[in-house]
>>> print(open('entry_28.cif').read())   # mmCIF, C-alpha atoms and all ligand atoms
data_final
#
loop_
_atom_site.label_atom_id
_atom_site.label_comp_id
_atom_site.auth_asym_id
_atom_site.auth_seq_id
_atom_site.Cartn_x
_atom_site.Cartn_y
_atom_site.Cartn_z
CA MET A 74 15.15 -9.84 -6.98
CA GLU A 75 17.35 -8.71 -4.12
CA LYS A 76 17.61 -11.39 -1.48
CA GLY A 77 18.72 -11.21 2.12
CA LYS A 78 18.74 -8.35 4.55
CA GLY A 79 19.56 -5.14 2.71
CA LYS A 80 21.77 -2.38 4.06
CA ALA A 81 19.69 0.59 5.05
CA GLY A 82 20.35 4.07 3.69
CA THR A 83 19.23 7.50 4.87
CA ALA A 84 18.65 10.76 3.10
CA ARG A 85 18.38 13.78 5.33
CA THR A 86 18.45 17.43 4.61
CA GLY A 87 17.63 18.94 7.96
CA ARG A 88 14.03 19.41 8.98
CA PRO A 89 11.13 18.48 6.81
CA THR A 90 9.50 21.26 4.85
CA GLY A 91 6.91 23.26 6.72
CA GLY A 92 8.81 24.45 9.77
CA ALA A 93 6.42 24.87 12.71
CA ASP A 94 5.85 21.98 15.09
CA ARG A 95 2.31 20.77 14.53
CA SER A 96 2.80 17.48 16.38
CA ALA A 97 -0.28 17.95 18.52
CA PHE A 98 -2.32 17.78 15.33
CA ALA A 99 -0.33 15.08 13.55
CA GLY A 100 -2.51 12.29 12.17
CA ARG A 101 -5.68 14.32 12.62
CA VAL A 102 -7.93 16.17 10.24
CA ASP A 103 -6.10 19.02 8.56
CA TRP A 104 -7.58 21.76 10.72
CA LEU A 105 -4.44 23.77 10.07
CA GLY A 106 -5.18 23.90 6.38
CA ASP A 107 -1.48 23.97 5.53
CA GLY A 108 -1.22 20.42 4.21
CA MET A 109 1.35 19.40 6.87
CA ARG A 110 -0.80 16.64 8.29
CA PHE A 111 2.03 14.24 9.15
CA THR A 112 4.58 16.50 10.79
CA ASN A 113 6.75 14.68 13.35
CA GLN A 114 5.38 11.30 12.31
CA VAL A 115 7.39 8.34 11.08
CA ALA A 116 5.62 6.55 8.22
CA VAL A 117 6.82 3.26 6.73
CA ILE A 118 5.62 2.37 3.24
CA THR A 119 6.21 -1.03 1.66
CA GLY A 120 6.26 -1.26 -2.12
CA ALA A 121 7.66 2.28 -2.23
CA SER A 122 9.83 1.66 -5.30
CA SER A 123 7.01 2.17 -7.81
CA GLY A 124 3.47 3.33 -8.52
CA ILE A 125 1.15 4.10 -5.62
CA GLY A 126 3.77 3.44 -2.93
CA TRP A 127 6.27 5.79 -4.60
CA ALA A 128 3.70 8.58 -4.95
CA LEU A 129 2.38 8.07 -1.41
CA ALA A 130 5.87 8.19 0.11
CA LYS A 131 6.49 11.51 -1.64
CA GLU A 132 3.12 12.86 -0.54
CA LEU A 133 3.58 11.87 3.11
CA ALA A 134 7.11 13.30 3.10
CA ALA A 135 5.80 16.54 1.57
CA GLN A 136 3.27 16.65 4.42
CA GLY A 137 6.01 16.43 7.03
CA ALA A 138 6.46 12.70 7.67
CA ARG A 139 9.87 11.08 7.95
CA VAL A 140 9.39 8.14 5.61
CA GLY A 141 10.78 4.62 5.68
CA LEU A 142 10.92 3.11 2.18
CA ILE A 143 10.83 -0.66 1.67
CA ALA A 144 10.79 -2.81 -1.49
CA ARG A 145 13.16 -5.18 -3.31
CA ARG A 146 14.73 -2.72 -5.80
CA ARG A 147 17.36 -0.71 -3.96
CA ASP A 148 18.20 1.57 -6.91
CA ARG A 149 14.58 2.71 -7.14
CA LEU A 150 14.38 3.33 -3.39
CA GLU A 151 17.62 5.33 -3.54
CA ALA A 152 16.23 7.45 -6.39
CA LEU A 153 13.08 8.14 -4.38
CA ALA A 154 15.01 8.94 -1.20
CA ALA A 155 17.12 11.41 -3.20
CA GLU A 156 13.99 13.09 -4.60
CA ILE A 157 12.52 13.39 -1.12
CA ALA A 158 15.77 14.79 0.28
CA LYS A 159 15.95 17.31 -2.57
CA SER A 160 12.51 18.58 -1.59
CA GLY A 161 13.62 19.01 2.02
CA GLY A 162 12.20 15.78 3.42
CA THR A 163 13.71 12.88 5.34
CA ALA A 164 13.76 9.29 4.15
CA ALA A 165 15.45 6.04 5.12
CA LEU A 166 15.37 2.87 3.05
CA ALA A 167 15.85 -0.86 3.39
CA THR A 168 15.32 -3.68 0.93
CA ALA A 169 13.14 -6.71 1.58
CA ASP A 170 11.01 -9.23 -0.18
CA VAL A 171 7.88 -8.86 1.93
CA SER A 172 6.94 -12.49 1.33
CA ASP A 173 9.94 -13.36 3.50
CA ARG A 174 9.15 -12.82 7.17
CA THR A 175 12.76 -12.47 8.33
CA GLN A 176 13.61 -9.93 5.64
CA THR A 177 10.49 -7.89 6.33
CA LEU A 178 11.05 -7.73 10.09
CA ALA A 179 14.71 -6.80 9.54
CA ALA A 180 13.93 -4.09 6.98
CA VAL A 181 11.32 -2.41 9.17
CA ALA A 182 13.72 -2.58 12.14
CA GLU A 183 16.44 -0.90 10.06
CA VAL A 184 14.34 2.09 9.03
CA ARG A 185 12.87 2.31 12.53
CA ASP A 186 16.41 2.53 13.96
CA ARG A 187 17.17 5.46 11.66
CA LEU A 188 13.88 7.34 11.91
CA GLY A 189 12.44 6.43 15.30
CA PRO A 190 9.29 4.53 16.37
CA VAL A 191 6.82 3.97 13.57
CA ASP A 192 3.61 6.01 13.84
CA LEU A 193 2.10 4.88 10.55
CA LEU A 194 2.56 1.73 8.50
CA VAL A 195 1.20 1.51 4.96
CA ALA A 196 1.51 -2.10 3.76
CA ASN A 197 1.22 -1.38 0.07
CA ALA A 198 3.52 -3.92 -1.60
CA GLY A 199 1.49 -6.14 -3.87
CA MET A 200 1.31 -7.94 -7.16
CA GLY A 201 -1.30 -9.30 -9.52
CA THR A 202 -1.32 -12.48 -11.50
CA PRO A 203 -4.21 -13.97 -13.47
CA THR A 204 -5.82 -17.19 -12.31
CA ALA A 205 -5.37 -19.89 -14.96
CA LEU A 206 -7.59 -22.95 -15.19
CA ASP A 207 -5.77 -25.47 -17.31
CA PRO A 208 -3.23 -26.01 -16.06
CA PRO A 209 -3.96 -24.21 -12.78
CA ASN A 210 -1.09 -21.79 -12.03
CA VAL A 211 -0.93 -22.67 -8.35
CA PRO A 212 2.76 -21.77 -7.81
CA GLU A 213 2.12 -18.21 -9.09
CA VAL A 214 -0.99 -17.95 -6.96
CA GLU A 215 0.97 -19.07 -3.90
CA THR A 216 3.55 -16.36 -4.52
CA MET A 217 0.81 -13.75 -4.86
CA PHE A 218 -0.80 -14.77 -1.58
CA ARG A 219 2.59 -14.68 0.14
CA VAL A 220 3.24 -11.14 -1.11
CA ASN A 221 -0.25 -9.65 -0.83
CA VAL A 222 -1.49 -11.33 2.34
CA LEU A 223 1.47 -12.65 4.33
CA GLY A 224 3.58 -9.64 3.31
CA MET A 225 0.99 -7.38 4.94
CA ILE A 226 0.82 -9.57 8.05
CA TYR A 227 4.62 -9.61 8.44
CA SER A 228 4.74 -5.83 8.00
CA ILE A 229 2.13 -5.37 10.70
CA GLU A 230 4.00 -7.80 12.95
CA ALA A 231 7.08 -5.60 12.57
CA VAL A 232 5.37 -2.47 13.98
CA LEU A 233 2.46 -3.55 16.16
CA PRO A 234 4.23 -4.59 19.39
CA GLU A 235 5.90 -1.18 19.69
CA MET A 236 2.65 0.61 18.86
CA LEU A 237 0.93 -1.36 21.62
CA ARG A 238 3.68 -0.44 24.10
CA ARG A 239 3.45 3.24 23.11
CA GLY A 240 -0.35 3.18 23.21
CA ARG A 241 -0.69 4.77 19.79
CA GLY A 242 -0.21 4.12 16.11
CA HIS A 243 -1.87 3.62 12.75
CA VAL A 244 -1.79 0.54 10.54
CA ALA A 245 -3.00 0.68 6.93
CA ALA A 246 -2.83 -1.55 3.88
CA VAL A 247 -3.52 -0.98 0.21
CA SER A 248 -6.13 -3.53 -0.77
CA SER A 249 -8.30 -3.02 -3.87
CA LEU A 250 -11.91 -2.60 -4.96
CA ALA A 251 -11.33 -6.10 -6.41
CA ALA A 252 -11.76 -7.29 -2.81
CA TYR A 253 -15.53 -6.86 -3.15
CA LYS A 254 -16.22 -9.20 -6.07
CA GLY A 255 -14.71 -12.45 -7.30
CA LEU A 256 -14.03 -11.87 -10.99
CA PRO A 257 -13.45 -14.51 -13.67
CA GLY A 258 -9.75 -14.86 -14.45
CA GLU A 259 -8.91 -12.94 -11.27
CA SER A 260 -10.29 -15.25 -8.57
CA ALA A 261 -6.98 -15.49 -6.72
CA TYR A 262 -6.16 -11.77 -6.87
CA CYS A 263 -9.67 -10.88 -5.66
CA ALA A 264 -9.41 -13.50 -2.91
CA SER A 265 -6.04 -12.14 -1.76
CA LYS A 266 -7.50 -8.64 -1.47
CA ALA A 267 -10.67 -9.92 0.26
CA ALA A 268 -8.35 -11.61 2.77
CA ILE A 269 -6.67 -8.26 3.45
CA ASN A 270 -10.03 -6.58 4.06
CA ALA A 271 -11.23 -9.28 6.45
CA TYR A 272 -7.92 -9.34 8.33
CA LEU A 273 -7.89 -5.58 8.83
CA GLU A 274 -11.56 -5.50 9.82
CA GLY A 275 -10.95 -7.98 12.63
CA LEU A 276 -7.75 -6.23 13.67
CA ARG A 277 -9.51 -2.86 13.84
CA ILE A 278 -12.14 -4.22 16.19
CA GLN A 279 -9.52 -5.97 18.31
CA LEU A 280 -7.51 -2.74 18.61
CA ARG A 281 -10.47 -0.45 19.25
CA ARG A 282 -9.50 0.34 22.85
CA ARG A 283 -5.74 0.51 22.20
CA ASN A 284 -5.62 3.85 20.35
CA ILE A 285 -4.31 2.18 17.19
CA ALA A 286 -6.21 3.04 14.03
CA VAL A 287 -6.59 0.57 11.17
CA THR A 288 -7.32 1.74 7.63
CA THR A 289 -8.21 -0.42 4.63
CA ILE A 290 -7.50 1.40 1.37
CA CYS A 291 -9.35 0.11 -1.70
CA PRO A 292 -8.39 1.94 -4.89
CA GLY A 293 -9.97 1.52 -8.28
CA PHE A 294 -7.69 1.77 -11.32
CA VAL A 295 -4.51 3.79 -10.86
CA ARG A 296 -1.95 4.37 -13.62
CA THR A 297 1.15 2.40 -12.52
CA PRO A 298 3.38 -0.27 -14.10
CA MET A 299 0.71 -2.73 -12.91
CA THR A 300 -2.06 -1.19 -15.00
CA ASP A 301 0.34 -0.35 -17.84
CA ALA A 302 0.46 -4.11 -18.43
CA PHE A 303 -3.29 -4.30 -19.13
CA PRO A 304 -4.40 -5.13 -22.68
CA PHE A 305 -7.17 -2.50 -22.40
CA ARG A 306 -7.54 1.01 -20.96
CA PRO A 307 -9.13 0.63 -17.53
CA PRO A 308 -12.16 2.82 -16.82
CA TRP A 309 -11.75 5.94 -14.66
CA LEU A 310 -8.00 5.54 -14.47
CA MET A 311 -6.41 7.85 -11.87
CA GLU A 312 -2.88 9.20 -11.82
CA ALA A 313 -0.76 7.85 -8.97
CA ASP A 314 -0.11 11.33 -7.56
CA ALA A 315 -3.84 12.05 -7.35
CA ALA A 316 -4.45 8.68 -5.72
CA ALA A 317 -1.68 9.38 -3.21
CA ARG A 318 -3.21 12.73 -2.24
CA ARG A 319 -6.55 11.06 -1.61
CA ILE A 320 -4.98 8.23 0.38
CA ALA A 321 -2.98 10.69 2.51
CA LYS A 322 -6.18 12.59 3.33
CA ALA A 323 -7.99 9.36 4.27
CA LEU A 324 -5.05 8.38 6.49
CA ALA A 325 -5.01 11.78 8.18
CA ARG A 326 -8.70 11.28 8.96
CA ARG A 327 -7.99 7.77 10.21
CA ARG A 328 -10.72 6.40 7.96
CA LYS A 329 -11.71 2.78 8.61
CA VAL A 330 -12.21 1.84 4.98
CA TYR A 331 -11.45 4.13 2.08
CA ASN A 332 -12.93 3.08 -1.29
CA PHE A 333 -12.18 5.33 -4.26
CA PRO A 334 -12.95 6.71 -6.77
CA LEU A 335 -16.71 6.79 -6.27
CA ARG A 336 -17.69 5.75 -9.80
CA THR A 337 -15.56 2.59 -9.76
CA THR A 338 -16.75 1.83 -6.23
CA LEU A 339 -20.37 2.01 -7.35
CA LEU A 340 -19.65 -0.12 -10.41
CA VAL A 341 -17.96 -2.83 -8.33
CA LYS A 342 -20.71 -2.80 -5.71
CA LEU A 343 -23.28 -3.08 -8.51
CA THR A 344 -21.60 -6.20 -9.90
CA ARG A 345 -22.33 -7.92 -6.59
CA TRP A 346 -26.02 -7.81 -7.50
CA LEU A 347 -25.63 -8.93 -11.10
CA PRO A 348 -26.27 -12.54 -12.14
CA ASP A 349 -23.20 -14.66 -12.92
CA TRP A 350 -24.18 -15.04 -16.58
CA LEU A 351 -24.09 -11.26 -17.06
CA VAL A 352 -20.74 -10.78 -15.32
CA GLY A 353 -19.40 -13.74 -17.32
CA LYS A 354 -20.67 -12.20 -20.55
CA VAL A 355 -19.23 -8.75 -19.87
CA MET A 356 -15.88 -10.20 -18.81
CA GLY A 357 -15.94 -12.99 -21.40
CA LYS A 358 -13.16 -11.62 -23.58
CA TYR A 359 -11.00 -10.77 -20.59
CA ASP A 360 -11.64 -14.13 -18.99
CA ALA A 361 -10.27 -15.82 -22.11
CA LYS A 362 -7.05 -13.82 -21.96
CA PRO A 363 -6.59 -12.27 -18.52
CA ALA A 364 -3.76 -9.99 -17.49
CA ALA A 365 -2.27 -9.04 -14.13
CA LYS A 366 -4.72 -6.72 -12.38
CA PRO A 367 -4.66 -4.14 -9.63
N1 LIG A 401 -2.62 0.25 -9.84
C1 LIG A 401 -3.87 -0.02 -9.54
O1 LIG A 401 -4.78 0.23 -10.35
C2 LIG A 401 -4.22 -0.63 -8.21
C3 LIG A 401 -5.57 -0.67 -7.86
C4 LIG A 401 -5.94 -1.25 -6.64
C5 LIG A 401 -4.96 -1.73 -5.78
N2 LIG A 401 -3.66 -1.68 -6.17
C6 LIG A 401 -2.67 -2.19 -5.21
O2 LIG A 401 -1.76 -1.14 -4.94
C7 LIG A 401 -0.54 -1.70 -4.52
C8 LIG A 401 0.59 -1.04 -5.30
O3 LIG A 401 0.44 -1.39 -6.67
P1 LIG A 401 0.90 -0.45 -7.88
O4 LIG A 401 -0.23 -0.34 -8.80
O5 LIG A 401 1.55 0.76 -7.36
O6 LIG A 401 1.92 -1.44 -8.59
P2 LIG A 401 3.48 -1.31 -8.93
O7 LIG A 401 3.79 0.00 -9.52
O8 LIG A 401 3.80 -2.56 -9.68
O9 LIG A 401 4.16 -1.37 -7.48
C9 LIG A 401 4.20 -2.54 -6.73
C10 LIG A 401 5.14 -2.29 -5.57
O10 LIG A 401 5.14 -3.45 -4.73
C11 LIG A 401 6.47 -3.86 -4.55
N3 LIG A 401 6.55 -5.31 -4.43
C12 LIG A 401 6.01 -6.25 -5.23
N4 LIG A 401 6.34 -7.46 -4.81
C13 LIG A 401 7.11 -7.29 -3.70
C14 LIG A 401 7.77 -8.16 -2.81
N5 LIG A 401 7.73 -9.49 -2.97
N6 LIG A 401 8.47 -7.62 -1.79
C15 LIG A 401 8.56 -6.31 -1.62
N7 LIG A 401 7.94 -5.41 -2.42
C16 LIG A 401 7.24 -5.92 -3.46
C17 LIG A 401 7.24 -3.39 -5.78
O11 LIG A 401 8.61 -3.18 -5.45
P3 LIG A 401 9.84 -4.08 -5.91
O12 LIG A 401 9.49 -4.67 -7.24
O13 LIG A 401 10.99 -3.13 -5.95
O14 LIG A 401 9.98 -5.09 -4.83
C18 LIG A 401 6.57 -2.07 -6.03
O15 LIG A 401 7.16 -1.06 -5.26
C19 LIG A 401 -0.65 -3.22 -4.72
O16 LIG A 401 -0.95 -3.82 -3.50
C20 LIG A 401 -1.82 -3.34 -5.69
O17 LIG A 401 -2.46 -4.58 -5.58
C21 LIG A 401 -3.26 -1.14 -7.34
#
>>> encode(input="entry_28.cif", output="structure tokens")
Amino acid sequence: MEKGKGKAGTARTGRPTGGADRSAFAGRVDWLGDGMRFTNQVAVITGASSGIGWALAKELAAQGARVGLIARRRDRLEALAAEIAKSGGTAALATADVSDRTQTLAAVAEVRDRLGPVDLLVANAGMGTPTALDPPNVPEVETMFRVNVLGMIYSIEAVLPEMLRRGRGHVAAVSSLAAYKGLPGESAYCASKAAINAYLEGLRIQLRRRNIAVTTICPGFVRTPMTDAFPFRPPWLMEADAAARRIAKALARRRKVYNFPLRTTLLVKLTRWLPDWLVGKVMGKYDAKPAAKP
């Protein structure tokens, strides 16, 4: 793990792909139909070194955003920045462990200095660890809460004051459909994601007259290193690129809450109505040997 404030890097190859200035439409529904929904916007993505964050950073850059990339692994961020630059986009990077408030504030400030004021934050960095009973794995659970919950709060802290001063902005976080149901063996992960949903819900209401949108993104299963670690094939597994396209569309529409895909959403909502004994029975095998989950 890289500790301390990382040195920022920038990859620029002139203007982002797409050419024409569509700034008047940036962040709105894609009326233009040309896929350049984020032209002239600065988007910061945490957890950009892998999986959903990596794919989303590429997607937002392809749609015209100048992207700020944050995670702990510098080599991965540099590889992504190079890919984005090769495609004609603009990226800046900085390393941080988002569970560390000082590092997170410094990293966001570094990419902001290179790219300009942040229009869109996607707090995506996250981890999953099973919840053990005997002995209880409290230290691991504490780390997960620091990354998933406090990491999001620190990331928002890093951008919100300037958004308030500018009178515009968009804050989003990648939560999970796991936020909607406490699952055996995953109590802590589900609780961390439920905390994200509740935090963003309150924030959205508080910001309703400040022209700052808040979006809660709840994916089902997406193929990433996180799901690669599962001992089973998750149902309705999506590719990260496909998930990123959907998330980008939801962000452009400034959706309040975006649950996807529909089938997994319905399944999770259904489990809320099922008796505990049935959920326990279905998840019995998993409960006995849980793995890190999305
Ligand atoms: N995959 C799924 O099925 C799924 C479903 C629902 C929700 N999610 C959520 O989606 C988000 C992304 O997950 P993923 O599936 O794309 O997993 P992933 O491929 O493992 O990516 C996790 C990202 O988070 C970063 N990260 C982890 N701990 C960090 C820390 N302490 N500080 C800074 N960055 C940190 C990692 O970067 P470094 O290691 O370089 O720091 C990496 O870029 C997570 O919040 C996850 O809970 C995933």
>>> atom_distance(input="entry_28.cif", atom1="CA of Leu206 (chain A)", atom2="CA of Leu256 (chain A)")
13.5 Å
>>> closest_residue(input="entry_28.cif", among="A:Gly242, A:Gly255, A:Gly161, A:Gly224", to="ligand LIG 401 (chain A)", atoms="all atoms listed in the file")
A:Gly224
>>> axis_aligned_box(input="entry_28.cif", around="region 121-127 of chain A", padding_each_side="3 Å", output="AutoDock Vina command-line options")
--center_x 5.5 --center_y 3.7 --center_z -5.4 --size_x 14.7 --size_y 10.1 --size_z 12.3
>>> residues_near_ligand(input="entry_28.cif", ligand="ligand LIG 401 (chain A)", cutoff="8 Å", atoms="all atoms listed in the file", output="ChimeraX atom specification")
/A:74,119-127,143-147,149-150,168-173,196-201,219-221,224,246-251,266,291-300,310-311,313,366-367
>>> atom_distance(input="entry_28.cif", atom1="CA of Ile157 (chain A)", atom2="CA of Ala134 (chain A)")
6.9 Å
>>> closest_residue(input="entry_28.cif", among="A:Thr344, A:Thr289, A:Gln114, A:Gln136", to="Arg327 (chain A)", atoms="all atoms listed in the file")
A:Thr289
>>> atom_distance(input="entry_28.cif", atom1="CA of Arg139 (chain A)", atom2="CA of Arg174 (chain A)")
23.9 Å
>>> build_atoms(input="entry_28.cif", residues="region 254-265 of chain A", atoms="N, CA and C atoms", output="PDB file, in the frame of the given file")
ATOM      1  N   LYS A 254     -15.537  -8.336  -5.110  1.00  0.00           N
ATOM      2  CA  LYS A 254     -16.220  -9.200  -6.070  1.00  0.00           C
ATOM      3  C   LYS A 254     -15.222 -10.191  -6.684  1.00  0.00           C
ATOM      4  N   GLY A 255     -15.541 -11.465  -6.628  1.00  0.00           N
ATOM      5  CA  GLY A 255     -14.710 -12.450  -7.300  1.00  0.00           C
ATOM      6  C   GLY A 255     -14.945 -12.352  -8.794  1.00  0.00           C
ATOM      7  N   LEU A 256     -13.886 -12.080  -9.550  1.00  0.00           N
ATOM      8  CA  LEU A 256     -14.030 -11.870 -10.990  1.00  0.00           C
ATOM      9  C   LEU A 256     -13.385 -13.009 -11.772  1.00  0.00           C
ATOM     10  N   PRO A 257     -14.011 -13.405 -12.887  1.00  0.00           N
ATOM     11  CA  PRO A 257     -13.450 -14.510 -13.670  1.00  0.00           C
ATOM     12  C   PRO A 257     -12.060 -14.167 -14.186  1.00  0.00           C
ATOM     13  N   GLY A 258     -11.134 -15.089 -14.028  1.00  0.00           N
ATOM     14  CA  GLY A 258      -9.750 -14.860 -14.450  1.00  0.00           C
ATOM     15  C   GLY A 258      -8.923 -14.152 -13.398  1.00  0.00           C
ATOM     16  N   GLU A 259      -9.591 -13.677 -12.341  1.00  0.00           N
ATOM     17  CA  GLU A 259      -8.910 -12.940 -11.270  1.00  0.00           C
ATOM     18  C   GLU A 259      -9.305 -13.461  -9.898  1.00  0.00           C
ATOM     19  N   SER A 260      -9.789 -14.710  -9.852  1.00  0.00           N
ATOM     20  CA  SER A 260     -10.290 -15.250  -8.570  1.00  0.00           C
ATOM     21  C   SER A 260      -9.250 -15.118  -7.465  1.00  0.00           C
ATOM     22  N   ALA A 261      -8.005 -15.476  -7.772  1.00  0.00           N
ATOM     23  CA  ALA A 261      -6.980 -15.490  -6.720  1.00  0.00           C
ATOM     24  C   ALA A 261      -6.613 -14.078  -6.279  1.00  0.00           C
ATOM     25  N   TYR A 262      -6.487 -13.154  -7.243  1.00  0.00           N
ATOM     26  CA  TYR A 262      -6.160 -11.770  -6.870  1.00  0.00           C
ATOM     27  C   TYR A 262      -7.280 -11.199  -5.996  1.00  0.00           C
ATOM     28  N   CYS A 263      -8.535 -11.388  -6.438  1.00  0.00           N
ATOM     29  CA  CYS A 263      -9.670 -10.880  -5.660  1.00  0.00           C
ATOM     30  C   CYS A 263      -9.681 -11.519  -4.261  1.00  0.00           C
ATOM     31  N   ALA A 264      -9.408 -12.812  -4.206  1.00  0.00           N
ATOM     32  CA  ALA A 264      -9.410 -13.500  -2.910  1.00  0.00           C
ATOM     33  C   ALA A 264      -8.298 -12.972  -2.002  1.00  0.00           C
ATOM     34  N   SER A 265      -7.143 -12.662  -2.590  1.00  0.00           N
ATOM     35  CA  SER A 265      -6.040 -12.140  -1.760  1.00  0.00           C
ATOM     36  C   SER A 265      -6.410 -10.774  -1.175  1.00  0.00           C
TER      37      SER A 265
END
